[in-house]
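**Q** My structure is stored as work_18.txt, with compact mmCIF, C-alpha atoms and all ligand atoms.
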# COMPACT_ATOMS: atom_id res chain seq x y z
CA MET V 1 0.00 0.00 0.00
CA ARG V 2 1.36 3.40 -0.99
CA GLN V 3 1.87 5.69 2.00
CA SER V 4 0.18 9.00 1.35
CA LEU V 5 -0.29 12.10 3.46
CA ALA V 6 -3.57 12.34 5.34
CA VAL V 7 -5.90 15.17 4.37
CA LYS V 8 -9.11 15.82 6.24
CA VAL V 9 -12.19 16.68 4.17
CA GLY V 10 -14.78 17.63 6.75
CA SER V 11 -15.11 14.56 8.93
CA VAL V 12 -13.55 12.18 6.40
CA VAL V 13 -9.82 11.49 6.29
CA ILE V 14 -8.40 10.89 2.82
CA GLY V 15 -5.02 9.18 2.67
CA GLY V 16 -2.60 8.30 5.45
CA GLY V 17 -3.94 4.75 5.59
CA ALA V 18 -7.60 5.73 6.09
CA PRO V 19 -10.18 3.51 4.36
CA VAL V 20 -10.60 4.40 0.70
CA SER V 21 -13.66 6.65 0.71
CA ILE V 22 -16.52 6.81 -1.78
CA GLN V 23 -17.45 10.07 -3.48
CA SER V 24 -20.00 11.14 -6.02
CA MET V 25 -21.28 14.33 -7.57
CA THR V 26 -24.80 15.71 -7.75
CA ASN V 27 -26.29 16.46 -11.15
CA THR V 28 -29.23 18.55 -10.02
CA ASP V 29 -29.11 22.33 -10.46
CA THR V 30 -27.06 23.24 -7.39
CA ALA V 31 -29.09 26.43 -6.98
CA ASP V 32 -32.23 24.31 -6.59
CA LEU V 33 -32.04 23.68 -2.85
CA THR V 34 -34.84 21.13 -2.64
CA ALA V 35 -33.70 19.00 -5.57
CA THR V 36 -30.04 19.08 -4.56
CA LEU V 37 -30.74 18.37 -0.91
CA GLY V 38 -32.90 15.42 -1.97
CA GLN V 39 -30.16 14.02 -4.15
CA ILE V 40 -27.52 14.47 -1.44
CA HIS V 41 -29.75 12.54 0.99
CA ARG V 42 -30.21 9.74 -1.54
CA LEU V 43 -26.47 9.58 -2.14
CA VAL V 44 -25.73 9.43 1.57
CA ASP V 45 -28.39 6.76 2.12
CA ALA V 46 -26.71 4.68 -0.60
CA GLY V 47 -23.32 5.00 1.13
CA CYS V 48 -21.70 8.06 -0.43
CA GLU V 49 -19.17 9.54 2.01
CA ILE V 50 -18.22 12.80 0.28
CA VAL V 51 -20.51 14.72 -2.09
CA ARG V 52 -19.27 17.13 -4.75
CA LEU V 53 -21.40 19.85 -6.26
CA ALA V 54 -20.81 22.00 -9.32
CA VAL V 55 -20.69 25.66 -8.32
CA PRO V 56 -21.01 27.55 -11.59
CA ASP V 57 -22.31 30.91 -10.31
CA GLU V 58 -23.05 33.03 -7.26
CA LYS V 59 -26.55 31.65 -6.89
CA ALA V 60 -25.04 28.19 -6.54
CA VAL V 61 -22.64 29.52 -3.88
CA SER V 62 -25.58 30.82 -1.83
CA THR V 63 -27.36 27.47 -2.07
CA PHE V 64 -24.10 25.69 -1.23
CA ALA V 65 -23.97 27.64 2.04
CA ALA V 66 -27.58 26.67 2.81
CA LEU V 67 -26.92 23.02 1.98
CA LYS V 68 -23.95 22.99 4.35
CA LYS V 69 -26.31 23.82 7.19
CA ASN V 70 -28.62 20.94 6.29
CA VAL V 71 -26.28 17.98 5.81
CA ASN V 72 -23.50 16.29 7.74
CA VAL V 73 -21.70 14.72 4.79
CA PRO V 74 -18.62 16.66 3.62
CA LEU V 75 -19.39 18.85 0.61
CA VAL V 76 -16.88 19.65 -2.11
CA ALA V 77 -17.30 22.71 -4.33
CA ASP V 78 -16.35 22.01 -7.94
CA ILE V 79 -15.10 25.23 -9.52
CA HIS V 80 -14.15 26.03 -13.08
CA PHE V 81 -13.19 29.27 -14.81
CA ASP V 82 -13.96 31.78 -12.06
CA TYR V 83 -11.49 31.94 -9.17
CA ARG V 84 -13.83 34.25 -7.22
CA LEU V 85 -16.36 31.44 -6.93
CA ALA V 86 -13.68 29.25 -5.33
CA ILE V 87 -13.00 31.94 -2.73
CA MET V 88 -16.72 32.39 -2.11
CA ALA V 89 -17.19 28.63 -1.77
CA VAL V 90 -14.44 28.49 0.88
CA ASP V 91 -16.28 31.25 2.74
CA ALA V 92 -19.55 29.35 2.29
CA GLY V 93 -18.12 26.47 4.30
CA ALA V 94 -16.90 24.07 1.60
CA ASP V 95 -15.03 21.11 3.06
CA GLU V 96 -12.86 20.93 -0.06
CA ILE V 97 -12.45 22.90 -3.26
CA ARG V 98 -11.89 21.11 -6.53
CA ILE V 99 -10.25 23.19 -9.19
CA ASN V 100 -8.94 22.40 -12.63
CA PRO V 101 -5.67 24.30 -13.00
CA GLY V 102 -6.13 24.47 -16.76
CA ASN V 103 -9.07 26.83 -16.60
CA ILE V 104 -8.78 28.88 -13.42
CA GLY V 105 -6.98 31.80 -15.04
CA GLY V 106 -3.29 31.84 -14.15
CA GLU V 107 -1.07 31.97 -11.11
CA GLY V 108 -2.30 35.29 -9.72
CA LYS V 109 -5.84 33.98 -9.37
CA LEU V 110 -4.70 30.58 -8.16
CA SER V 111 -2.64 32.33 -5.54
CA GLN V 112 -5.73 34.06 -4.16
CA ILE V 113 -7.62 30.76 -3.92
CA ILE V 114 -4.69 29.17 -2.11
CA SER V 115 -4.45 32.05 0.40
CA ARG V 116 -8.12 31.84 1.31
CA ALA V 117 -8.07 28.04 1.57
CA GLN V 118 -4.96 28.25 3.75
CA GLU V 119 -6.62 30.79 5.98
CA LYS V 120 -9.71 28.59 6.43
CA ASN V 121 -7.80 25.29 6.52
CA VAL V 122 -9.70 23.94 3.51
CA PRO V 123 -8.06 21.32 1.27
CA ILE V 124 -7.88 21.70 -2.49
CA ARG V 125 -8.12 18.94 -5.05
CA ILE V 126 -6.04 19.66 -8.09
CA GLY V 127 -8.14 17.83 -10.62
CA VAL V 128 -6.51 17.58 -14.01
CA ASN V 129 -8.64 16.19 -16.83
CA ALA V 130 -7.44 15.04 -20.25
CA GLY V 131 -9.70 17.64 -21.84
CA SER V 132 -7.95 20.56 -20.21
CA ILE V 133 -4.23 19.87 -20.62
CA PRO V 134 -2.53 23.13 -21.69
CA LYS V 135 -1.84 23.32 -25.41
CA GLU V 136 1.95 23.55 -25.09
CA ILE V 137 2.02 20.36 -23.02
CA ARG V 138 -0.22 18.54 -25.52
CA VAL V 139 2.09 19.65 -28.33
CA LYS V 140 5.19 18.60 -26.37
CA TYR V 141 3.83 15.06 -25.85
CA GLY V 142 2.00 14.74 -29.15
CA GLY V 143 -1.50 14.73 -27.62
CA VAL V 144 -3.15 13.46 -24.47
CA THR V 145 -0.73 11.06 -22.83
CA ALA V 146 -0.03 9.94 -19.29
CA GLU V 147 3.11 12.08 -19.35
CA ALA V 148 1.10 15.13 -20.43
CA LEU V 149 -1.37 14.62 -17.57
CA VAL V 150 1.47 14.20 -15.09
CA GLU V 151 3.35 17.28 -16.28
CA THR V 152 0.15 19.33 -16.02
CA VAL V 153 -0.45 18.27 -12.46
CA MET V 154 3.23 18.63 -11.45
CA ARG V 155 3.37 22.20 -12.72
CA THR V 156 0.43 23.20 -10.55
CA LEU V 157 1.73 21.20 -7.65
CA ASP V 158 5.03 23.04 -7.81
CA PHE V 159 3.14 26.31 -7.50
CA PHE V 160 1.17 25.06 -4.48
CA GLU V 161 4.34 23.83 -2.79
CA ARG V 162 6.04 27.18 -3.29
CA LYS V 163 3.07 28.67 -1.47
CA ASN V 164 3.60 26.12 1.35
CA PHE V 165 0.14 24.68 0.80
CA GLU V 166 0.04 20.99 1.62
CA LYS V 167 -3.61 20.08 2.06
CA ILE V 168 -3.68 18.74 -1.45
CA ILE V 169 -5.51 15.89 -3.13
CA LEU V 170 -4.66 14.99 -6.71
CA SER V 171 -6.54 13.49 -9.62
CA LEU V 172 -5.51 12.93 -13.22
CA LYS V 173 -8.48 11.61 -15.10
CA ALA V 174 -8.89 10.59 -18.70
CA SER V 175 -11.59 8.52 -20.36
CA ASP V 176 -8.83 6.24 -21.68
CA VAL V 177 -8.15 3.58 -19.06
CA PRO V 178 -4.48 2.71 -19.87
CA ILE V 179 -3.53 6.42 -19.99
CA THR V 180 -5.27 7.12 -16.68
CA VAL V 181 -3.69 4.14 -14.92
CA LYS V 182 -0.22 5.04 -16.18
CA ALA V 183 -0.63 8.67 -15.13
CA TYR V 184 -1.70 7.73 -11.59
CA GLU V 185 1.17 5.25 -11.28
CA LYS V 186 3.69 7.90 -12.25
CA VAL V 187 2.33 10.47 -9.83
CA ALA V 188 1.95 7.92 -7.04
CA SER V 189 5.66 7.15 -7.20
CA SER V 190 6.69 10.82 -7.27
CA VAL V 191 4.65 12.71 -4.67
CA PRO V 192 3.08 11.89 -1.28
CA TYR V 193 -0.32 13.50 -1.73
CA PRO V 194 -3.50 11.43 -1.51
CA LEU V 195 -5.02 10.42 -4.81
CA HIS V 196 -8.64 10.68 -5.89
CA LEU V 197 -9.24 7.93 -8.44
CA GLY V 198 -11.67 7.90 -11.33
CA ILE V 199 -12.13 7.31 -15.02
CA THR V 200 -13.71 10.45 -16.34
CA GLU V 201 -16.57 10.35 -18.82
CA ALA V 202 -16.64 6.57 -18.51
CA GLY V 203 -20.10 6.49 -20.03
CA ARG V 204 -23.31 4.77 -19.14
CA GLY V 205 -24.29 1.36 -17.82
CA LEU V 206 -22.16 -1.66 -18.52
CA LYS V 207 -19.46 0.15 -20.49
CA GLY V 208 -19.02 2.77 -17.79
CA ILE V 209 -18.94 0.17 -15.05
CA VAL V 210 -16.34 -1.95 -16.85
CA LYS V 211 -14.09 1.01 -17.62
CA SER V 212 -14.31 2.32 -14.07
CA THR V 213 -13.74 -1.08 -12.52
CA LEU V 214 -10.77 -1.82 -14.71
CA GLY V 215 -9.11 1.54 -14.18
CA ILE V 216 -9.85 2.12 -10.52
CA GLY V 217 -9.52 -1.57 -9.66
CA SER V 218 -6.11 -2.03 -11.22
CA LEU V 219 -4.77 0.97 -9.29
CA LEU V 220 -6.30 -0.15 -6.00
CA LEU V 221 -4.72 -3.58 -6.40
CA LYS V 222 -1.33 -1.86 -6.62
CA GLY V 223 -2.04 -0.02 -3.39
CA ILE V 224 -2.69 3.26 -5.20
CA GLY V 225 -5.72 5.42 -4.38
CA ASP V 226 -7.22 7.05 -1.29
CA THR V 227 -10.71 8.03 -2.42
CA LEU V 228 -12.70 7.30 -5.56
CA ARG V 229 -15.55 8.34 -7.72
CA VAL V 230 -17.17 6.06 -10.28
CA SER V 231 -18.42 8.43 -13.02
CA LEU V 232 -21.51 7.08 -14.74
CA THR V 233 -23.92 8.98 -16.96
CA GLY V 234 -27.29 9.13 -15.23
CA ASP V 235 -28.42 9.09 -11.62
CA PRO V 236 -25.26 9.44 -9.47
CA VAL V 237 -26.83 7.23 -6.80
CA GLU V 238 -26.16 4.31 -9.15
CA GLU V 239 -22.44 4.98 -8.85
CA ILE V 240 -22.36 4.06 -5.18
CA PRO V 241 -23.06 0.30 -5.34
CA VAL V 242 -20.47 0.06 -8.12
CA ALA V 243 -17.90 1.84 -5.97
CA LYS V 244 -18.72 -0.45 -3.07
CA GLU V 245 -18.36 -3.58 -5.19
CA ILE V 246 -14.99 -2.36 -6.53
CA LEU V 247 -13.68 -1.76 -3.02
CA GLN V 248 -15.01 -5.07 -1.79
CA ALA V 249 -13.62 -7.04 -4.75
CA ALA V 250 -10.24 -5.35 -4.18
CA GLY V 251 -10.35 -6.63 -0.60
CA LEU V 252 -10.19 -3.11 0.84
CA ARG V 253 -13.61 -2.69 2.43
CA ARG V 254 -16.60 -4.87 3.07
CA PHE V 255 -20.15 -3.69 2.56
CA THR V 256 -22.12 -6.90 2.02
CA PRO V 257 -21.54 -10.59 2.60
CA GLU V 258 -19.41 -12.20 -0.07
CA ILE V 259 -21.36 -14.54 -2.33
CA ILE V 260 -19.54 -17.14 -4.36
CA ALA V 261 -21.72 -18.70 -7.04
CA CYS V 262 -20.95 -20.92 -9.99
CA PRO V 263 -22.19 -19.84 -13.42
CA THR V 264 -24.04 -23.22 -13.78
CA CYS V 265 -23.67 -25.62 -16.68
CA ALA V 266 -25.26 -28.87 -17.89
CA ARG V 267 -24.15 -30.62 -14.69
CA CYS V 268 -26.35 -28.42 -12.52
CA GLU V 269 -29.59 -30.16 -11.56
CA ILE V 270 -31.05 -27.63 -9.14
CA ASP V 271 -32.51 -24.19 -9.83
CA LEU V 272 -29.41 -22.26 -8.78
CA PRO V 273 -30.62 -18.80 -9.90
CA ALA V 274 -33.70 -19.23 -7.67
CA ILE V 275 -31.44 -20.11 -4.71
CA MET V 276 -29.33 -17.03 -5.48
CA ASP V 277 -32.45 -14.84 -5.51
CA MET V 278 -33.34 -16.12 -2.07
CA VAL V 279 -29.81 -15.58 -0.71
CA GLU V 280 -29.65 -12.03 -2.06
CA GLU V 281 -33.10 -11.25 -0.72
CA THR V 282 -32.20 -12.68 2.69
CA ILE V 283 -28.98 -10.73 3.12
CA LYS V 284 -30.64 -7.51 1.92
CA GLN V 285 -32.73 -7.51 5.09
CA TRP V 286 -29.82 -6.61 7.36
CA ASP V 287 -27.19 -3.95 7.44
CA LEU V 288 -24.34 -6.39 7.06
CA THR V 289 -21.61 -3.79 6.60
CA VAL V 290 -19.54 -5.23 9.40
CA PHE V 291 -20.65 -8.79 9.02
CA PRO V 292 -18.13 -10.69 6.93
CA LEU V 293 -20.23 -13.69 5.96
CA LYS V 294 -19.09 -15.76 2.99
CA ILE V 295 -21.81 -17.77 1.24
CA ALA V 296 -21.12 -20.28 -1.54
CA VAL V 297 -23.88 -21.38 -3.91
CA MET V 298 -22.55 -24.14 -6.17
CA GLY V 299 -24.35 -26.30 -8.68
CA CYS V 300 -22.68 -29.71 -8.55
CA PRO V 301 -19.95 -31.85 -6.95
CA VAL V 302 -17.25 -30.74 -9.45
CA ASN V 303 -16.26 -27.57 -7.58
CA GLY V 304 -19.14 -27.45 -5.13
CA PRO V 305 -17.77 -29.17 -2.03
CA GLY V 306 -14.44 -27.36 -2.27
CA GLU V 307 -15.99 -23.89 -2.42
CA ALA V 308 -18.82 -24.66 0.00
CA ARG V 309 -16.37 -26.02 2.58
CA GLU V 310 -14.30 -22.81 2.43
CA ALA V 311 -17.34 -20.58 2.99
CA ASP V 312 -19.15 -19.81 6.26
CA VAL V 313 -22.16 -21.48 4.74
CA GLY V 314 -22.38 -23.15 1.37
CA ILE V 315 -24.35 -25.55 -0.75
CA SER V 316 -23.16 -28.06 -3.28
CA GLY V 317 -25.97 -29.22 -5.57
CA GLY V 318 -26.69 -32.80 -6.59
CA LYS V 319 -29.45 -34.58 -8.49
CA GLY V 320 -32.54 -33.02 -6.90
CA PHE V 321 -30.82 -32.29 -3.59
CA ALA V 322 -27.96 -30.27 -2.12
CA ILE V 323 -25.40 -30.82 0.57
CA ILE V 324 -25.18 -27.90 3.03
CA PHE V 325 -21.84 -27.04 4.58
CA LYS V 326 -21.33 -24.80 7.58
CA ARG V 327 -17.81 -23.65 8.48
CA GLY V 328 -16.18 -26.52 6.66
CA LYS V 329 -18.48 -29.31 7.82
CA VAL V 330 -21.38 -31.08 6.13
CA ILE V 331 -24.43 -30.41 8.25
CA LYS V 332 -27.32 -31.55 6.07
CA LYS V 333 -28.42 -33.16 2.85
CA VAL V 334 -31.61 -31.41 1.77
CA PRO V 335 -34.02 -32.32 -1.04
CA TYR V 336 -34.31 -29.49 -3.53
CA PRO V 337 -37.83 -28.31 -2.62
CA ALA V 338 -36.75 -27.59 0.97
CA LEU V 339 -33.33 -26.19 0.06
CA ALA V 340 -34.08 -22.47 -0.18
CA GLU V 341 -35.94 -22.30 3.11
CA THR V 342 -33.38 -24.42 4.97
CA LEU V 343 -30.50 -22.31 3.70
CA ARG V 344 -32.36 -19.09 4.54
CA LYS V 345 -32.86 -20.25 8.14
CA ILE V 346 -29.19 -21.17 8.50
CA ILE V 347 -28.06 -17.76 7.19
CA MET V 348 -30.46 -15.96 9.54
CA GLU V 349 -29.17 -17.95 12.51
CA MET V 350 -25.64 -16.87 11.68
CA VAL V 351 -26.39 -13.14 11.72
CA PRO V 352 -25.39 -11.64 15.09
CA ARG V 353 -28.22 -9.92 16.93
CA ALA V 354 -27.58 -6.19 16.60
CA GLY V 355 -23.92 -6.66 17.43
CA LYS V 356 -24.70 -8.12 20.86
CA ASP V 357 -23.13 -11.45 20.10
CA THR V 358 -20.70 -12.81 17.59
CA MET V 359 -20.96 -15.37 14.85
CA GLN V 360 -19.08 -17.84 17.04
CA GLU V 361 -21.47 -17.39 19.94
CA ARG V 362 -24.42 -18.16 17.71
CA ASP V 363 -22.66 -21.00 15.99
CA GLY V 364 -24.89 -23.67 17.47
CA GLY V 365 -25.59 -25.52 14.24
CA ILE V 366 -28.96 -26.40 12.86
FE1 LIG V 401 -21.10 -26.63 -13.71
FE2 LIG V 401 -20.77 -27.79 -11.36
FE3 LIG V 401 -19.00 -25.93 -12.16
FE4 LIG V 401 -21.46 -25.22 -11.44
S1 LIG V 401 -19.92 -26.18 -10.12
S2 LIG V 401 -20.38 -24.56 -13.28
S3 LIG V 401 -22.68 -26.91 -12.14
S4 LIG V 401 -19.36 -27.92 -13.10
Take the structure in the file and give it back as structure tokens.
Ligand code: SF4
**A**
Amino acid sequence: MRQSLAVKVGSVVIGGGAPVSIQSMTNTDTADLTATLGQIHRLVDAGCEIVRLAVPDEKAVSTFAALKKNVNVPLVADIHFDYRLAIMAVDAGADEIRINPGNIGGEGKLSQIISRAQEKNVPIRIGVNAGSIPKEIRVKYGGVTAEALVETVMRTLDFFERKNFEKIILSLKASDVPITVKAYEKVASSVPYPLHLGITEAGRGLKGIVKSTLGIGSLLLKGIGDTLRVSLTGDPVEEIPVAKEILQAAGLRRFTPEIIACPTCARCEIDLPAIMDMVEETIKQWDLTVFPLKIAVMGCPVNGPGEAREADVGISGGKGFAIIFKRGKVIKKVPYPALAETLRKIIMEMVPRAGKDTMQERDGGI
């Protein structure tokens, strides 16, 4: 794991070994208090830990200040083009300012943002995007490359460091996954600042999810990244479960029990998808954030017993029946019609009661 500096964004620590946090960005009109507040609440309910809002004008700054009074989640003001809005957003209580150095209007203006942020102890994310690399850097590197992204961010960083400003978070996003990954790797090995990961303009649905997972996931597996945003076209609330699954699959955080399930093939003689529906429905009923249950749902004896034995609870299907394993031991052979209900009861018995007891204490068998 890369050791980065810790930067506090409101109540959330980014970097310094803190859990990789989940961010998103509202897409309501920021000036519309009711709509934006509603979307922030929905994001938070889904598990978003830091919310960013576009602040394109003074009206949005006023609403930003009002929103700050109504929510506990850290709010980040996303500023482009007008440095005065960044200063106003700091004064409005922003927990972080995100600026794009390519469009903020030169060092004089940047300097004023830095001074005000320093005064109010507000961190700044230097968020470079492929679309805003300065022309001379694009020409130097023959277009948008990882090197061009890195040089853009390093130039700005040098300016911040000369101003003795250290509450910095960096991002270098492109829609091209290999370029983005390479850029983050280069920066991660050169500077100690925490990194905000993301694949920008990843798109919608499956394509966006795959691009984000590949890019963010490959960096996380190398120990790179301190906070992330999955950028998907559409309702930002849909980004949160994707972010959670990425973090869980990378082994960094756990949000739901882990379910291992075979894809099924001609050897499967039970209705495995129906069993999966039941398992998913059952675990949805609890907040299992801190409950690391591993459930294996396997169709036949080829890989079934091996996986089921390794899980907390698992089934290995047979011809019209399934063997149920609990913590490595066979506990039952159940005919298919009774399988779903029996498995549901076993899972429910293994869930600790509101944290008052542990899995081991309830491990009485069925
Ligand atoms: Fe097929 Fe059995 Fe493998 Fe499932 S576990 S995919 S049913 S061979």
**Q** From the options V:Val187, V:Ile113, V:Ala202, V:Ile346, which residue's atoms come nearest to V:Ala146, counting all atoms listed in the file?
**A**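 Selected residue with least distance to V:Ala146: V:Val187.
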**Q** Taking all atoms listed in the file into account, list the residues no farther than 6 Å from ligand LIG 401 (chain V), as number ranges by chain.
**A** V: 262-265, 267-268, 298-300, 302-304
**Q** For a cutoff of 12 Å around the file-coordinate point (-4.5, 3.9, -17.4), which residues qualify once you count only C-alpha atoms? I'd like the result as JSON, numbers by chain.
**A** {"V": [130, 144, 145, 146, 147, 149, 172, 173, 174, 175, 176, 177, 178, 179, 180, 181, 182, 183, 184, 185, 186, 197, 198, 199, 200, 211, 212, 213, 214, 215, 216, 217, 218, 219]}
**Q** Choose the residue, out of V:Ile114, V:Val139, V:Ile323, V:Met88, that has the smallest atom-to-atom separation from V:Lys59; count all atoms listed in the file.
**A**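 Of V:Ile114, V:Val139, V:Ile323, V:Met88, the one nearest V:Lys59, counting all atoms listed in the file, is V:Met88.
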**Q** Please measure the separation of atom CA of V:Val297 and atom CA of V:Gly208, giving the value in Å to one decimal.
**A** 28.3 Å
**Q** Write out N, CA and C atoms for stretch 211-233 of chain V, as a PDB file, keeping the file's coordinate frame.
**A**
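Below is the file part.pdb, written as the result:
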ATOM      1  N   LYS V 211     -15.245   0.107 -17.534  1.00  0.00           N
ATOM      2  CA  LYS V 211     -14.090   1.010 -17.620  1.00  0.00           C
ATOM      3  C   LYS V 211     -13.654   1.472 -16.219  1.00  0.00           C
ATOM      4  N   SER V 212     -14.637   1.839 -15.414  1.00  0.00           N
ATOM      5  CA  SER V 212     -14.310   2.320 -14.070  1.00  0.00           C
ATOM      6  C   SER V 212     -13.677   1.215 -13.221  1.00  0.00           C
ATOM      7  N   THR V 213     -14.252   0.032 -13.322  1.00  0.00           N
ATOM      8  CA  THR V 213     -13.740  -1.080 -12.520  1.00  0.00           C
ATOM      9  C   THR V 213     -12.321  -1.431 -12.922  1.00  0.00           C
ATOM     10  N   LEU V 214     -12.106  -1.467 -14.220  1.00  0.00           N
ATOM     11  CA  LEU V 214     -10.770  -1.820 -14.710  1.00  0.00           C
ATOM     12  C   LEU V 214      -9.736  -0.782 -14.275  1.00  0.00           C
ATOM     13  N   GLY V 215     -10.068   0.481 -14.497  1.00  0.00           N
ATOM     14  CA  GLY V 215      -9.110   1.540 -14.180  1.00  0.00           C
ATOM     15  C   GLY V 215      -8.882   1.696 -12.685  1.00  0.00           C
ATOM     16  N   ILE V 216      -9.974   1.894 -11.959  1.00  0.00           N
ATOM     17  CA  ILE V 216      -9.850   2.120 -10.520  1.00  0.00           C
ATOM     18  C   ILE V 216      -9.337   0.852  -9.844  1.00  0.00           C
ATOM     19  N   GLY V 217      -9.896  -0.292 -10.287  1.00  0.00           N
ATOM     20  CA  GLY V 217      -9.520  -1.570  -9.660  1.00  0.00           C
ATOM     21  C   GLY V 217      -8.050  -1.888  -9.835  1.00  0.00           C
ATOM     22  N   SER V 218      -7.512  -1.662 -11.033  1.00  0.00           N
ATOM     23  CA  SER V 218      -6.110  -2.030 -11.220  1.00  0.00           C
ATOM     24  C   SER V 218      -5.186  -1.147 -10.387  1.00  0.00           C
ATOM     25  N   LEU V 219      -5.587   0.104 -10.159  1.00  0.00           N
ATOM     26  CA  LEU V 219      -4.770   0.970  -9.290  1.00  0.00           C
ATOM     27  C   LEU V 219      -4.894   0.541  -7.831  1.00  0.00           C
ATOM     28  N   LEU V 220      -6.112   0.259  -7.405  1.00  0.00           N
ATOM     29  CA  LEU V 220      -6.300  -0.150  -6.000  1.00  0.00           C
ATOM     30  C   LEU V 220      -5.503  -1.416  -5.685  1.00  0.00           C
ATOM     31  N   LEU V 221      -5.462  -2.339  -6.648  1.00  0.00           N
ATOM     32  CA  LEU V 221      -4.720  -3.580  -6.400  1.00  0.00           C
ATOM     33  C   LEU V 221      -3.219  -3.340  -6.256  1.00  0.00           C
ATOM     34  N   LYS V 222      -2.753  -2.208  -6.786  1.00  0.00           N
ATOM     35  CA  LYS V 222      -1.330  -1.860  -6.620  1.00  0.00           C
ATOM     36  C   LYS V 222      -1.122  -0.989  -5.394  1.00  0.00           C
ATOM     37  N   GLY V 223      -2.178  -0.815  -4.609  1.00  0.00           N
ATOM     38  CA  GLY V 223      -2.040  -0.020  -3.390  1.00  0.00           C
ATOM     39  C   GLY V 223      -2.141   1.469  -3.651  1.00  0.00           C
ATOM     40  N   ILE V 224      -2.601   1.842  -4.832  1.00  0.00           N
ATOM     41  CA  ILE V 224      -2.690   3.260  -5.200  1.00  0.00           C
ATOM     42  C   ILE V 224      -4.141   3.724  -5.106  1.00  0.00           C
ATOM     43  N   GLY V 225      -4.370   4.852  -4.436  1.00  0.00           N
ATOM     44  CA  GLY V 225      -5.720   5.420  -4.380  1.00  0.00           C
ATOM     45  C   GLY V 225      -6.198   5.573  -2.952  1.00  0.00           C
ATOM     46  N   ASP V 226      -6.774   6.747  -2.658  1.00  0.00           N
ATOM     47  CA  ASP V 226      -7.220   7.050  -1.290  1.00  0.00           C
ATOM     48  C   ASP V 226      -8.695   7.389  -1.216  1.00  0.00           C
ATOM     49  N   THR V 227      -9.272   7.767  -2.350  1.00  0.00           N
ATOM     50  CA  THR V 227     -10.710   8.030  -2.420  1.00  0.00           C
ATOM     51  C   THR V 227     -11.077   7.828  -3.886  1.00  0.00           C
ATOM     52  N   LEU V 228     -12.346   7.561  -4.163  1.00  0.00           N
ATOM     53  CA  LEU V 228     -12.700   7.300  -5.560  1.00  0.00           C
ATOM     54  C   LEU V 228     -14.083   7.789  -5.903  1.00  0.00           C
ATOM     55  N   ARG V 229     -14.222   8.066  -7.190  1.00  0.00           N
ATOM     56  CA  ARG V 229     -15.550   8.340  -7.720  1.00  0.00           C
ATOM     57  C   ARG V 229     -15.725   7.530  -9.006  1.00  0.00           C
ATOM     58  N   VAL V 230     -16.805   6.765  -9.046  1.00  0.00           N
ATOM     59  CA  VAL V 230     -17.170   6.060 -10.280  1.00  0.00           C
ATOM     60  C   VAL V 230     -18.057   7.031 -11.053  1.00  0.00           C
ATOM     61  N   SER V 231     -17.638   7.443 -12.249  1.00  0.00           N
ATOM     62  CA  SER V 231     -18.420   8.430 -13.020  1.00  0.00           C
ATOM     63  C   SER V 231     -19.295   7.723 -14.034  1.00  0.00           C
ATOM     64  N   LEU V 232     -20.596   7.721 -13.782  1.00  0.00           N
ATOM     65  CA  LEU V 232     -21.510   7.080 -14.740  1.00  0.00           C
ATOM     66  C   LEU V 232     -22.554   8.103 -15.191  1.00  0.00           C
ATOM     67  N   THR V 233     -22.871   8.087 -16.460  1.00  0.00           N
ATOM     68  CA  THR V 233     -23.920   8.980 -16.960  1.00  0.00           C
ATOM     69  C   THR V 233     -25.261   8.532 -16.377  1.00  0.00           C
TER      70      THR V 233
END
